[in-house]
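Just upload_2.txt here, compact mmCIF, C-alpha atoms:
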```
# COMPACT_ATOMS: atom_id res chain seq x y z
CA MET A 217 22.02 -96.50 104.70
CA LYS A 218 20.39 -97.64 107.92
CA ARG A 219 20.44 -94.03 109.23
CA ILE A 220 18.68 -92.70 106.15
CA PHE A 221 16.07 -95.46 106.31
CA THR A 222 15.50 -94.75 110.01
CA LEU A 223 15.13 -90.99 109.36
CA CYS A 224 12.59 -91.61 106.61
CA ILE A 225 10.52 -93.81 108.92
CA ALA A 226 10.60 -91.10 111.66
CA VAL A 227 9.49 -88.34 109.25
CA CYS A 228 6.60 -90.48 107.90
CA THR A 229 5.49 -91.28 111.42
CA ILE A 230 5.37 -87.57 112.42
CA MET A 231 3.44 -86.53 109.24
CA THR A 232 0.96 -89.36 109.77
CA GLY A 233 0.30 -88.11 113.32
CA PHE A 234 -0.36 -84.54 112.17
CA ALA A 235 -2.68 -85.77 109.45
CA GLN A 236 -4.77 -87.82 111.91
CA THR A 237 -5.10 -84.90 114.34
CA ASP A 238 -6.23 -82.50 111.59
CA THR A 239 -8.76 -84.94 110.12
CA THR A 240 -10.31 -85.60 113.51
CA GLY A 241 -10.77 -81.92 114.12
CA LYS A 242 -12.61 -81.44 110.82
CA GLN A 243 -14.95 -84.42 111.28
CA ASN A 244 -16.10 -83.49 114.80
CA PRO A 245 -16.48 -79.70 115.00
CA THR A 246 -17.77 -78.04 118.15
CA PRO A 247 -21.63 -77.83 117.97
CA GLN A 248 -22.94 -74.29 117.33
CA ASN A 249 -26.47 -72.84 117.67
CA ASP A 250 -28.00 -70.85 114.79
CA THR A 251 -29.36 -67.47 115.95
CA ILE A 252 -31.32 -64.94 113.90
CA ARG A 253 -32.44 -61.56 115.27
CA ILE A 254 -35.36 -59.70 113.62
CA GLY A 255 -36.03 -56.45 115.44
CA GLY A 256 -37.06 -57.42 118.96
CA MET A 257 -37.63 -61.07 118.03
CA ILE A 258 -34.89 -63.72 118.36
CA ILE A 259 -35.15 -67.08 116.57
CA ILE A 260 -32.84 -69.82 117.93
CA ARG A 261 -32.30 -73.22 116.36
CA LYS A 262 -30.28 -75.56 118.53
CA ALA A 263 -27.52 -77.59 116.92
CA GLY A 264 -28.62 -81.09 116.02
CA SER A 265 -32.29 -80.26 116.65
CA LYS A 266 -35.18 -79.56 114.30
CA ASP A 267 -37.04 -77.51 116.93
CA THR A 268 -37.02 -73.74 116.75
CA ALA A 269 -37.49 -71.46 119.74
CA VAL A 270 -38.84 -67.93 119.37
CA SER A 271 -38.17 -65.28 121.97
CA THR A 272 -39.71 -61.82 121.79
CA ASN A 273 -40.34 -58.89 124.06
CA LYS A 274 -43.01 -57.34 121.86
CA GLU A 275 -46.72 -58.08 121.23
CA TYR A 276 -47.76 -58.81 117.67
CA LYS A 277 -51.41 -58.64 116.51
CA ILE A 278 -52.70 -60.21 113.32
CA LYS A 279 -55.68 -58.35 111.94
CA ASN A 280 -58.60 -60.10 110.28
CA ARG A 281 -58.40 -60.33 106.55
CA ARG A 282 -60.80 -58.22 104.56
CA GLY A 283 -62.85 -61.29 103.68
CA ASP A 284 -63.52 -62.01 107.37
CA LYS A 285 -65.26 -58.68 107.99
CA PRO A 286 -69.07 -58.76 108.38
CA SER A 287 -70.95 -57.88 105.24
CA ASN A 288 -72.81 -54.58 105.15
CA LEU A 289 -75.87 -56.43 103.82
CA SER A 290 -76.65 -59.96 105.04
CA THR A 291 -79.64 -62.14 104.18
CA ASN A 292 -81.28 -64.84 106.28
CA TRP A 293 -83.57 -67.25 104.42
CA TRP A 294 -86.55 -69.20 105.78
CA ILE A 295 -87.11 -68.04 109.35
CA PHE A 296 -89.76 -69.75 111.48
CA ASP A 297 -91.74 -68.45 114.47
CA ILE A 298 -93.74 -70.64 116.83
CA GLY A 299 -95.83 -69.00 119.53
CA PHE A 300 -99.25 -68.01 120.79
CA SER A 301 -102.06 -65.80 119.49
CA ASN A 302 -104.28 -63.78 121.78
CA TYR A 303 -106.07 -60.45 121.90
CA SER A 304 -107.24 -57.66 124.12
CA ASP A 305 -111.05 -57.40 124.07
CA LYS A 306 -112.37 -53.90 124.84
CA THR A 307 -115.70 -54.30 123.06
CA ALA A 308 -118.76 -52.53 124.46
CA TYR A 309 -121.14 -55.44 123.96
CA GLY A 310 -124.14 -53.37 124.92
CA SER A 311 -123.60 -51.03 121.97
CA ALA A 312 -125.69 -51.14 118.83
CA ALA A 313 -122.61 -51.78 116.68
CA ALA A 314 -121.58 -54.87 118.64
CA GLN A 315 -125.12 -56.28 118.62
CA ALA A 316 -125.43 -55.66 114.90
CA TYR A 317 -122.29 -57.68 114.21
CA ALA A 318 -122.99 -60.44 116.77
CA PRO A 319 -126.61 -60.35 118.00
CA GLY A 320 -126.95 -61.38 121.65
CA SER A 321 -123.19 -61.39 122.18
CA ASN A 322 -121.47 -60.77 125.49
CA SER A 323 -117.87 -60.78 126.74
CA ALA A 324 -117.84 -64.60 127.10
CA TRP A 325 -118.59 -65.29 123.42
CA PHE A 326 -115.08 -64.63 122.21
CA ASP A 327 -113.13 -66.15 125.11
CA LEU A 328 -110.16 -68.18 123.90
CA LYS A 329 -108.92 -71.57 125.07
CA ASP A 330 -105.69 -71.22 127.02
CA GLY A 331 -102.70 -72.59 125.10
CA LYS A 332 -104.82 -73.61 122.09
CA SER A 333 -104.66 -70.36 120.15
CA ARG A 334 -101.36 -70.48 118.31
CA ASN A 335 -99.33 -68.34 115.98
CA MET A 336 -96.87 -69.54 113.36
CA ASN A 337 -94.93 -67.24 111.05
CA ILE A 338 -92.94 -68.21 108.00
CA TRP A 339 -90.54 -65.52 106.80
CA PHE A 340 -89.26 -66.06 103.28
CA PHE A 341 -86.26 -63.88 104.06
CA MET A 342 -84.97 -61.16 106.34
CA GLN A 343 -82.19 -58.75 105.55
CA LYS A 344 -79.96 -56.70 107.82
CA LEU A 345 -78.38 -53.51 106.49
CA ASN A 346 -75.44 -52.02 108.37
CA VAL A 347 -75.98 -48.38 109.39
CA ALA A 348 -73.24 -47.77 111.98
CA LYS A 349 -70.37 -50.19 112.76
CA HIS A 350 -72.72 -53.21 112.54
CA VAL A 351 -74.15 -52.19 115.91
CA LEU A 352 -76.99 -50.14 114.47
CA ASN A 353 -78.77 -51.88 111.59
CA LEU A 354 -81.95 -51.74 109.56
CA LYS A 355 -83.80 -55.07 109.51
CA TYR A 356 -86.68 -55.95 107.17
CA GLY A 357 -88.25 -58.95 105.47
CA LEU A 358 -91.28 -60.63 103.92
CA GLY A 359 -93.38 -63.53 105.15
CA LEU A 360 -96.67 -65.04 106.27
CA GLU A 361 -98.37 -64.59 109.64
CA LEU A 362 -100.70 -67.47 110.49
CA ASN A 363 -103.07 -66.94 113.43
CA ASN A 364 -105.49 -69.47 114.93
CA TYR A 365 -108.01 -68.37 117.57
CA HIS A 366 -109.74 -71.29 119.33
CA TYR A 367 -113.03 -70.38 121.03
CA LYS A 368 -114.55 -71.84 124.18
CA GLN A 369 -118.10 -71.06 123.11
CA PRO A 370 -120.04 -72.60 120.17
CA ILE A 371 -120.11 -69.45 118.03
CA ARG A 372 -120.17 -69.46 114.24
CA TYR A 373 -119.19 -66.98 111.58
CA ASN A 374 -121.61 -66.36 108.70
CA ALA A 375 -119.73 -66.69 105.43
CA ASN A 376 -122.63 -65.70 103.12
CA PRO A 377 -124.62 -62.88 104.71
CA VAL A 378 -127.82 -61.64 103.16
CA ALA A 379 -127.24 -58.62 100.93
CA VAL A 380 -128.39 -55.98 103.40
CA VAL A 381 -126.57 -53.18 105.19
CA ASN A 382 -124.36 -54.45 108.04
CA PRO A 383 -125.65 -58.05 108.19
CA PRO A 384 -124.99 -60.15 111.30
CA ARG A 385 -121.68 -61.99 111.11
CA VAL A 386 -121.51 -64.12 114.26
CA SER A 387 -124.21 -66.24 115.88
CA TYR A 388 -124.43 -68.53 118.89
CA ASP A 389 -125.14 -72.19 118.13
CA SER A 390 -127.61 -73.54 120.67
CA THR A 391 -128.48 -76.77 118.85
CA VAL A 392 -129.55 -79.39 121.40
CA GLY A 393 -127.19 -82.34 121.73
CA ARG A 394 -124.44 -80.82 119.58
CA THR A 395 -121.00 -80.60 121.10
CA TYR A 396 -117.97 -78.83 119.66
CA LYS A 397 -114.61 -80.58 119.47
CA LYS A 398 -113.03 -77.67 117.62
CA ASN A 399 -114.04 -74.12 116.85
CA LYS A 400 -111.44 -71.73 115.49
CA LEU A 401 -111.03 -68.60 113.42
CA ALA A 402 -107.94 -68.52 111.19
CA ALA A 403 -106.61 -65.18 109.95
CA ASP A 404 -103.54 -65.20 107.69
CA TYR A 405 -101.55 -62.18 106.53
CA LEU A 406 -98.81 -61.42 104.03
CA THR A 407 -96.56 -59.22 106.13
CA VAL A 408 -93.58 -56.91 105.75
CA PRO A 409 -91.75 -56.04 109.01
CA MET A 410 -89.42 -53.04 109.26
CA MET A 411 -87.24 -52.74 112.38
CA VAL A 412 -84.27 -50.90 113.83
CA ASN A 413 -81.77 -53.46 115.10
CA PHE A 414 -79.21 -52.98 117.87
CA ASN A 415 -76.52 -55.67 117.79
CA PHE A 416 -74.51 -55.37 121.03
CA THR A 417 -72.02 -58.10 119.99
CA PRO A 418 -71.36 -57.52 116.26
CA ASN A 419 -68.36 -59.89 116.16
CA ARG A 420 -70.35 -62.91 117.35
CA ASN A 421 -72.74 -65.04 115.33
CA LYS A 422 -74.91 -65.86 118.34
CA GLY A 423 -74.81 -62.59 120.21
CA PHE A 424 -77.10 -60.24 122.08
CA GLY A 425 -79.39 -57.77 120.38
CA LEU A 426 -82.73 -56.01 120.25
CA SER A 427 -84.97 -55.06 117.33
CA ALA A 428 -88.09 -52.90 117.33
CA GLY A 429 -90.33 -51.37 114.68
CA ILE A 430 -93.60 -51.85 112.84
CA SER A 431 -95.12 -54.32 110.37
CA VAL A 432 -97.70 -54.02 107.62
CA GLY A 433 -99.84 -57.07 106.85
CA TYR A 434 -102.51 -57.80 104.27
CA LEU A 435 -105.29 -60.31 105.05
CA TYR A 436 -105.20 -62.85 102.22
CA SER A 437 -107.19 -65.66 103.89
CA ALA A 438 -109.74 -66.09 106.70
CA ARG A 439 -111.90 -69.08 107.65
CA ASN A 440 -113.99 -70.46 110.47
CA LYS A 441 -113.44 -74.18 111.05
CA THR A 442 -115.68 -76.27 113.31
CA VAL A 443 -115.74 -79.93 114.27
CA THR A 444 -118.96 -81.09 115.96
CA SER A 445 -120.43 -84.35 117.19
CA ASP A 446 -123.16 -84.53 114.52
CA GLU A 447 -121.89 -82.48 111.57
CA GLY A 448 -118.25 -83.47 111.67
CA LYS A 449 -115.82 -81.03 110.05
CA LYS A 450 -117.14 -77.85 108.45
CA LYS A 451 -115.28 -74.85 107.09
CA ALA A 452 -116.59 -71.41 106.17
CA LYS A 453 -114.35 -69.15 104.09
CA ASP A 454 -114.84 -65.40 104.00
CA ASP A 455 -113.22 -62.20 105.24
CA PHE A 456 -115.99 -61.87 107.92
CA GLU A 457 -115.40 -58.10 107.71
CA LEU A 458 -112.00 -58.37 109.30
CA GLU A 459 -109.69 -55.46 108.62
CA LYS A 460 -107.84 -56.00 105.35
CA TRP A 461 -104.71 -54.24 106.57
CA LYS A 462 -103.00 -55.00 109.84
CA LEU A 463 -100.54 -52.48 111.30
CA ALA A 464 -98.62 -53.70 114.33
CA TYR A 465 -95.72 -52.89 116.61
CA VAL A 466 -93.10 -55.65 116.40
CA ALA A 467 -90.02 -56.52 118.46
CA GLU A 468 -87.34 -59.19 118.66
CA LEU A 469 -84.92 -60.10 121.46
CA SER A 470 -81.73 -62.13 120.86
CA LEU A 471 -80.07 -63.83 123.84
CA GLY A 472 -77.30 -65.95 122.37
CA GLN A 473 -78.89 -68.91 120.61
CA VAL A 474 -82.37 -68.12 121.98
CA ARG A 475 -84.60 -65.59 120.21
CA PHE A 476 -88.01 -64.22 121.13
CA TYR A 477 -90.49 -62.23 119.06
CA GLY A 478 -93.66 -60.28 119.74
CA SER A 479 -96.22 -58.14 117.95
CA TYR A 480 -99.14 -55.97 119.04
CA ALA A 481 -101.67 -54.57 116.55
CA MET A 482 -102.38 -50.86 116.51
CA LYS A 483 -106.14 -51.28 116.31
CA SER A 484 -109.00 -53.79 116.25
CA MET A 485 -108.87 -56.71 113.83
CA TYR A 486 -112.57 -56.11 112.93
CA GLU A 487 -113.90 -53.42 110.64
CA ARG A 488 -116.98 -52.87 112.77
CA GLY A 489 -118.79 -53.94 115.91
CA LEU A 490 -115.96 -55.54 117.91
CA ASP A 491 -112.98 -53.80 119.49
CA ILE A 492 -110.55 -56.73 119.66
CA THR A 493 -106.81 -56.02 119.30
CA PRO A 494 -104.61 -59.07 118.55
CA TYR A 495 -101.08 -59.77 119.74
CA ASN A 496 -98.57 -62.60 119.29
CA PHE A 497 -95.45 -63.80 121.10
CA GLY A 498 -93.15 -66.81 121.01
CA PHE A 499 -89.81 -68.25 119.86
CA ARG A 500 -87.95 -67.38 116.66
CA PHE A 501 -85.67 -69.83 114.84
CA SER A 502 -83.16 -67.74 112.94
CA ASN A 503 -79.43 -67.51 112.17
CA TRP A 504 -79.28 -63.95 113.49
```
Can the structure in the file be given as structure tokens, please?
Amino acid sequence: MKRIFTLCIAVCTIMTGFAQTDTTGKQNPTPQNDTIRIGGMIIIRKAGSKDTAVSTNKEYKIKNRRGDKPSNLSTNWWIFDIGFSNYSDKTAYGSAAAQAYAPGSNSAWFDLKDGKSRNMNIWFFMQKLNVAKHVLNLKYGLGLELNNYHYKQPIRYNANPVAVVNPPRVSYDSTVGRTYKKNKLAADYLTVPMMVNFNFTPNRNKGFGLSAGISVGYLYSARNKTVTSDEGKKKAKDDFELEKWKLAYVAELSLGQVRFYGSYAMKSMYERGLDITPYNFGFRFSNW
């Protein structure tokens, strides 16, 4: 009886030992890394870690989605230009035509004050139409050109000439004791520019480019404003026989975030008498 009891105890002891060894092996397995191979790319996740390492011997490029491509037609609203107005005066003041328009005039009559004659343009919109790979574009718009010519001399424009052929339009004010604080001619145009645009960096919003073309403007307002010591402020409104239509060469230069503009008229701004060709230049505030 004792031998049987002793044998039973020995068998139980051996089975218990095997059971403990097997359980330990299942609870603590050897750590293994997870590896996935996709073509030339290997993704490794280390055992016990949430980090994933990617190894590849190839270069992968992700193309822009279709929605990220530049539009073939883009619109820019409310563009502003701030610059200077000036002109090239080639008038033959000794001619009968010049003396009929401004009796007694000479080259000094229409001299402008440096830095005072300004130009401001307000473009309602400009559009850019892609022609070739967004590098070559057609650019056009609609807006107002506002020109202010400030004179050094006390000249005045006649707004209500006598009904005769070719009446005098400009006279020299020689009133004793009168001094001029301001004397300017304002000429405003409704203008349509049409340009060919070269965008050298089509994938950048603030890139480098050049535009050149022509503009057509219609004179919708003209006035001569004076401020004197004795009369105060006076304003004469008329067309003063300025050319109704203004044709000009126009250009624009984009250098990153800085933009410049310029225009040069094709002929004189006066219908008769004076050969004065205006031009403008300055800074443009635009998205492109």
Between atom CA of A:Leu426 and atom CA of A:Leu345 - distance in Å to one decimal: 14.6 Å
Using all atoms listed in the file, find each residue in stretch 344-453 of chain A having at least one atom no more than 12 Å away from stretch 304-323 of chain A; report its shortest atom-to-atom pair and that distance in Å (one decimal), rows by chain then rising number, as a Markdown table.
```
| residue | atom | partner | partner_atom | distance |
| --- | --- | --- | --- | --- |
| A:Lys368 | CA | A:Ser323 | CA | 11.8 |
| A:Gln369 | CA | A:Ser323 | CA | 10.9 |
| A:Pro370 | CA | A:Ser321 | CA | 11.8 |
| A:Ile371 | CA | A:Ala318 | CA | 9.5 |
| A:Arg372 | CA | A:Ala318 | CA | 9.8 |
| A:Tyr373 | CA | A:Ala318 | CA | 9.2 |
| A:Asn374 | CA | A:Ala318 | CA | 10.1 |
| A:Pro377 | CA | A:Tyr317 | CA | 11.1 |
| A:Val380 | CA | A:Ala316 | CA | 11.9 |
| A:Val381 | CA | A:Ala316 | CA | 10.1 |
| A:Asn382 | CA | A:Ala316 | CA | 7.0 |
| A:Pro383 | CA | A:Tyr317 | CA | 6.9 |
| A:Pro384 | CA | A:Tyr317 | CA | 4.7 |
| A:Arg385 | CA | A:Tyr317 | CA | 5.3 |
| A:Val386 | CA | A:Ala318 | CA | 4.7 |
| A:Ser387 | CA | A:Ala318 | CA | 6.0 |
| A:Tyr388 | CA | A:Ser321 | CA | 8.0 |
| A:Asp389 | CA | A:Gly320 | CA | 11.5 |
```
Those same residues, written as a PDB file, keeping the file's coordinate frame with C-alpha atoms?
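Result went into selection_4.pdb, see below:
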```
ATOM      1  CA  LYS A 368    -114.550 -71.840 124.180  1.00  0.00           C
ATOM      2  CA  GLN A 369    -118.100 -71.060 123.110  1.00  0.00           C
ATOM      3  CA  PRO A 370    -120.040 -72.600 120.170  1.00  0.00           C
ATOM      4  CA  ILE A 371    -120.110 -69.450 118.030  1.00  0.00           C
ATOM      5  CA  ARG A 372    -120.170 -69.460 114.240  1.00  0.00           C
ATOM      6  CA  TYR A 373    -119.190 -66.980 111.580  1.00  0.00           C
ATOM      7  CA  ASN A 374    -121.610 -66.360 108.700  1.00  0.00           C
ATOM      8  CA  PRO A 377    -124.620 -62.880 104.710  1.00  0.00           C
ATOM      9  CA  VAL A 380    -128.390 -55.980 103.400  1.00  0.00           C
ATOM     10  CA  VAL A 381    -126.570 -53.180 105.190  1.00  0.00           C
ATOM     11  CA  ASN A 382    -124.360 -54.450 108.040  1.00  0.00           C
ATOM     12  CA  PRO A 383    -125.650 -58.050 108.190  1.00  0.00           C
ATOM     13  CA  PRO A 384    -124.990 -60.150 111.300  1.00  0.00           C
ATOM     14  CA  ARG A 385    -121.680 -61.990 111.110  1.00  0.00           C
ATOM     15  CA  VAL A 386    -121.510 -64.120 114.260  1.00  0.00           C
ATOM     16  CA  SER A 387    -124.210 -66.240 115.880  1.00  0.00           C
ATOM     17  CA  TYR A 388    -124.430 -68.530 118.890  1.00  0.00           C
ATOM     18  CA  ASP A 389    -125.140 -72.190 118.130  1.00  0.00           C
TER      19      ASP A 389
END
```
Which is closer to A:Ile295 than all the others in A:Met342, A:Met411, A:Ala438, A:Val392, using all atoms listed in the file?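 The answer is A:Met342, which sits nearest to A:Ile295.
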Under the rule that only C-alpha atoms are counted, which of A:Lys483, A:Lys344, A:Arg475, A:Lys451 is the nearest residue to A:Arg500?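 Smallest distance to A:Arg500 is found for A:Arg475.
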Residues within 7 Å of (-82.6, -60.5, 125.9), file coords, only C-alpha atoms, listed as a list in words: Phe424, Gly425, Leu469, Ser470 and Leu471 of chain A
With C-alpha atoms retained, export the selected residues as a PDB file, in the coordinates of the input.
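Final file, selection24.pdb:
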```
ATOM      1  CA  PHE A 424     -77.100 -60.240 122.080  1.00  0.00           C
ATOM      2  CA  GLY A 425     -79.390 -57.770 120.380  1.00  0.00           C
ATOM      3  CA  LEU A 469     -84.920 -60.100 121.460  1.00  0.00           C
ATOM      4  CA  SER A 470     -81.730 -62.130 120.860  1.00  0.00           C
ATOM      5  CA  LEU A 471     -80.070 -63.830 123.840  1.00  0.00           C
TER       6      LEU A 471
END
```
So how far away is atom CA of A:Asn419 from atom CA of A:Leu358, in Å?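 Going from atom CA of A:Leu358 over to atom CA of A:Asn419, I get 26.0 Å.
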Given all atoms listed in the file as the counted atoms, nearest of A:Tyr356, A:Phe416, A:Phe326, A:Tyr465 to A:Asn399: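 Counting all atoms listed in the file, the residue closest to A:Asn399 is A:Phe326.
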Separation of atom CA of A:Phe296 and atom CA of A:Asn353, in Å? 21.0 Å
Using only C-alpha atoms, pick whichever of A:Val347, A:Ile430, A:Val443, A:Ala464 has the shortest atom-to-atom distance to A:Lys397. A:Val443
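Of the residues listed (A:Leu360, A:Gln473, A:Gly478, A:Thr291), A:Leu360 shows the shortest atom-to-atom separation from A:Gly433; distances use all atoms listed in the file.
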Excluding same-chain residues fewer than 2 positions from A:Asn335, what lies within 10 Å of it counting all atoms listed in the file, as a PDB file with C-alpha atoms, in the frame of the given file?
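The result, written out as out_32.pdb:
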```pdb
ATOM      1  CA  ASP A 297     -91.740 -68.450 114.470  1.00  0.00           C
ATOM      2  CA  ILE A 298     -93.740 -70.640 116.830  1.00  0.00           C
ATOM      3  CA  GLY A 299     -95.830 -69.000 119.530  1.00  0.00           C
ATOM      4  CA  PHE A 300     -99.250 -68.010 120.790  1.00  0.00           C
ATOM      5  CA  SER A 301    -102.060 -65.800 119.490  1.00  0.00           C
ATOM      6  CA  ASN A 302    -104.280 -63.780 121.780  1.00  0.00           C
ATOM      7  CA  LYS A 332    -104.820 -73.610 122.090  1.00  0.00           C
ATOM      8  CA  SER A 333    -104.660 -70.360 120.150  1.00  0.00           C
ATOM      9  CA  ASN A 337     -94.930 -67.240 111.050  1.00  0.00           C
ATOM     10  CA  GLU A 361     -98.370 -64.590 109.640  1.00  0.00           C
ATOM     11  CA  LEU A 362    -100.700 -67.470 110.490  1.00  0.00           C
ATOM     12  CA  ASN A 363    -103.070 -66.940 113.430  1.00  0.00           C
ATOM     13  CA  ASN A 364    -105.490 -69.470 114.930  1.00  0.00           C
ATOM     14  CA  TYR A 365    -108.010 -68.370 117.570  1.00  0.00           C
ATOM     15  CA  ALA A 402    -107.940 -68.520 111.190  1.00  0.00           C
ATOM     16  CA  ALA A 403    -106.610 -65.180 109.950  1.00  0.00           C
ATOM     17  CA  ASP A 404    -103.540 -65.200 107.690  1.00  0.00           C
ATOM     18  CA  TYR A 495    -101.080 -59.770 119.740  1.00  0.00           C
ATOM     19  CA  ASN A 496     -98.570 -62.600 119.290  1.00  0.00           C
ATOM     20  CA  PHE A 497     -95.450 -63.800 121.100  1.00  0.00           C
ATOM     21  CA  GLY A 498     -93.150 -66.810 121.010  1.00  0.00           C
TER      22      GLY A 498
END
```
May I have the centre and edge lengths, in Å to one decimal, of an axis-aligned box around the listed atoms of stretch 417-431 of chain A with 8 Å added to every side, as lines of an AutoDock Vina configuration file?
```
center_x = -81.7
center_y = -58.6
center_z = 116.2
size_x = 42.8
size_y = 30.5
size_z = 27.7
```
A:Glu487: which residues within 7 Å, counting all atoms listed in the file, same-chain residues fewer than 2 positions away excluded, as a PyMOL selection string? chain A and resi 457-459+485
Which is closer to A:Val408 than all the others in A:Gly423, A:Pro286, A:Gly429, A:Gly357, using all atoms listed in the file?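 Answer, going by the shortest atom-to-atom distance: A:Gly357.
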Completion step: stretch 328-342 of chain A with N, CA, C and O atoms as a PDB file, in the coordinates of the input:
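rebuild-v2.pdb, written as the output of this step:
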```
ATOM      1  N   LEU A 328    -111.029 -67.222 124.566  1.00  0.00           N
ATOM      2  CA  LEU A 328    -110.160 -68.180 123.900  1.00  0.00           C
ATOM      3  C   LEU A 328    -109.730 -69.295 124.860  1.00  0.00           C
ATOM      4  O   LEU A 328    -109.635 -69.088 126.073  1.00  0.00           O
ATOM      5  N   LYS A 329    -109.465 -70.460 124.294  1.00  0.00           N
ATOM      6  CA  LYS A 329    -108.920 -71.570 125.070  1.00  0.00           C
ATOM      7  C   LYS A 329    -107.442 -71.324 125.350  1.00  0.00           C
ATOM      8  O   LYS A 329    -106.665 -71.034 124.437  1.00  0.00           O
ATOM      9  N   ASP A 330    -107.079 -71.454 126.618  1.00  0.00           N
ATOM     10  CA  ASP A 330    -105.690 -71.220 127.020  1.00  0.00           C
ATOM     11  C   ASP A 330    -104.763 -72.228 126.356  1.00  0.00           C
ATOM     12  O   ASP A 330    -104.968 -73.436 126.435  1.00  0.00           O
ATOM     13  N   GLY A 331    -103.706 -71.720 125.714  1.00  0.00           N
ATOM     14  CA  GLY A 331    -102.700 -72.590 125.100  1.00  0.00           C
ATOM     15  C   GLY A 331    -103.101 -73.181 123.758  1.00  0.00           C
ATOM     16  O   GLY A 331    -102.261 -73.770 123.068  1.00  0.00           O
ATOM     17  N   LYS A 332    -104.366 -73.042 123.359  1.00  0.00           N
ATOM     18  CA  LYS A 332    -104.820 -73.610 122.090  1.00  0.00           C
ATOM     19  C   LYS A 332    -104.661 -72.644 120.925  1.00  0.00           C
ATOM     20  O   LYS A 332    -104.469 -73.057 119.774  1.00  0.00           O
ATOM     21  N   SER A 333    -104.765 -71.368 121.211  1.00  0.00           N
ATOM     22  CA  SER A 333    -104.660 -70.360 120.150  1.00  0.00           C
ATOM     23  C   SER A 333    -103.192 -70.120 119.852  1.00  0.00           C
ATOM     24  O   SER A 333    -102.454 -69.606 120.693  1.00  0.00           O
ATOM     25  N   ARG A 334    -102.782 -70.483 118.651  1.00  0.00           N
ATOM     26  CA  ARG A 334    -101.360 -70.480 118.310  1.00  0.00           C
ATOM     27  C   ARG A 334    -101.067 -69.566 117.132  1.00  0.00           C
ATOM     28  O   ARG A 334    -101.947 -69.275 116.316  1.00  0.00           O
ATOM     29  N   ASN A 335     -99.826 -69.180 117.077  1.00  0.00           N
ATOM     30  CA  ASN A 335     -99.330 -68.340 115.980  1.00  0.00           C
ATOM     31  C   ASN A 335     -98.095 -68.997 115.374  1.00  0.00           C
ATOM     32  O   ASN A 335     -97.214 -69.450 116.100  1.00  0.00           O
ATOM     33  N   MET A 336     -98.053 -69.057 114.062  1.00  0.00           N
ATOM     34  CA  MET A 336     -96.870 -69.540 113.360  1.00  0.00           C
ATOM     35  C   MET A 336     -96.581 -68.586 112.210  1.00  0.00           C
ATOM     36  O   MET A 336     -97.484 -68.259 111.430  1.00  0.00           O
ATOM     37  N   ASN A 337     -95.347 -68.125 112.129  1.00  0.00           N
ATOM     38  CA  ASN A 337     -94.930 -67.240 111.050  1.00  0.00           C
ATOM     39  C   ASN A 337     -93.852 -67.901 110.221  1.00  0.00           C
ATOM     40  O   ASN A 337     -92.965 -68.567 110.756  1.00  0.00           O
ATOM     41  N   ILE A 338     -93.939 -67.701 108.927  1.00  0.00           N
ATOM     42  CA  ILE A 338     -92.940 -68.210 108.000  1.00  0.00           C
ATOM     43  C   ILE A 338     -92.399 -67.017 107.219  1.00  0.00           C
ATOM     44  O   ILE A 338     -93.113 -66.425 106.396  1.00  0.00           O
ATOM     45  N   TRP A 339     -91.150 -66.659 107.492  1.00  0.00           N
ATOM     46  CA  TRP A 339     -90.540 -65.520 106.800  1.00  0.00           C
ATOM     47  C   TRP A 339     -89.683 -66.047 105.656  1.00  0.00           C
ATOM     48  O   TRP A 339     -88.771 -66.821 105.868  1.00  0.00           O
ATOM     49  N   PHE A 340     -90.003 -65.618 104.445  1.00  0.00           N
ATOM     50  CA  PHE A 340     -89.260 -66.060 103.280  1.00  0.00           C
ATOM     51  C   PHE A 340     -87.800 -65.605 103.382  1.00  0.00           C
ATOM     52  O   PHE A 340     -86.878 -66.348 103.043  1.00  0.00           O
ATOM     53  N   PHE A 341     -87.614 -64.401 103.851  1.00  0.00           N
ATOM     54  CA  PHE A 341     -86.260 -63.880 104.060  1.00  0.00           C
ATOM     55  C   PHE A 341     -86.323 -62.696 105.006  1.00  0.00           C
ATOM     56  O   PHE A 341     -87.370 -62.081 105.193  1.00  0.00           O
ATOM     57  N   MET A 342     -85.181 -62.403 105.603  1.00  0.00           N
ATOM     58  CA  MET A 342     -84.970 -61.160 106.340  1.00  0.00           C
ATOM     59  C   MET A 342     -83.576 -60.658 105.996  1.00  0.00           C
ATOM     60  O   MET A 342     -82.633 -61.450 105.887  1.00  0.00           O
TER      61      MET A 342
END
```
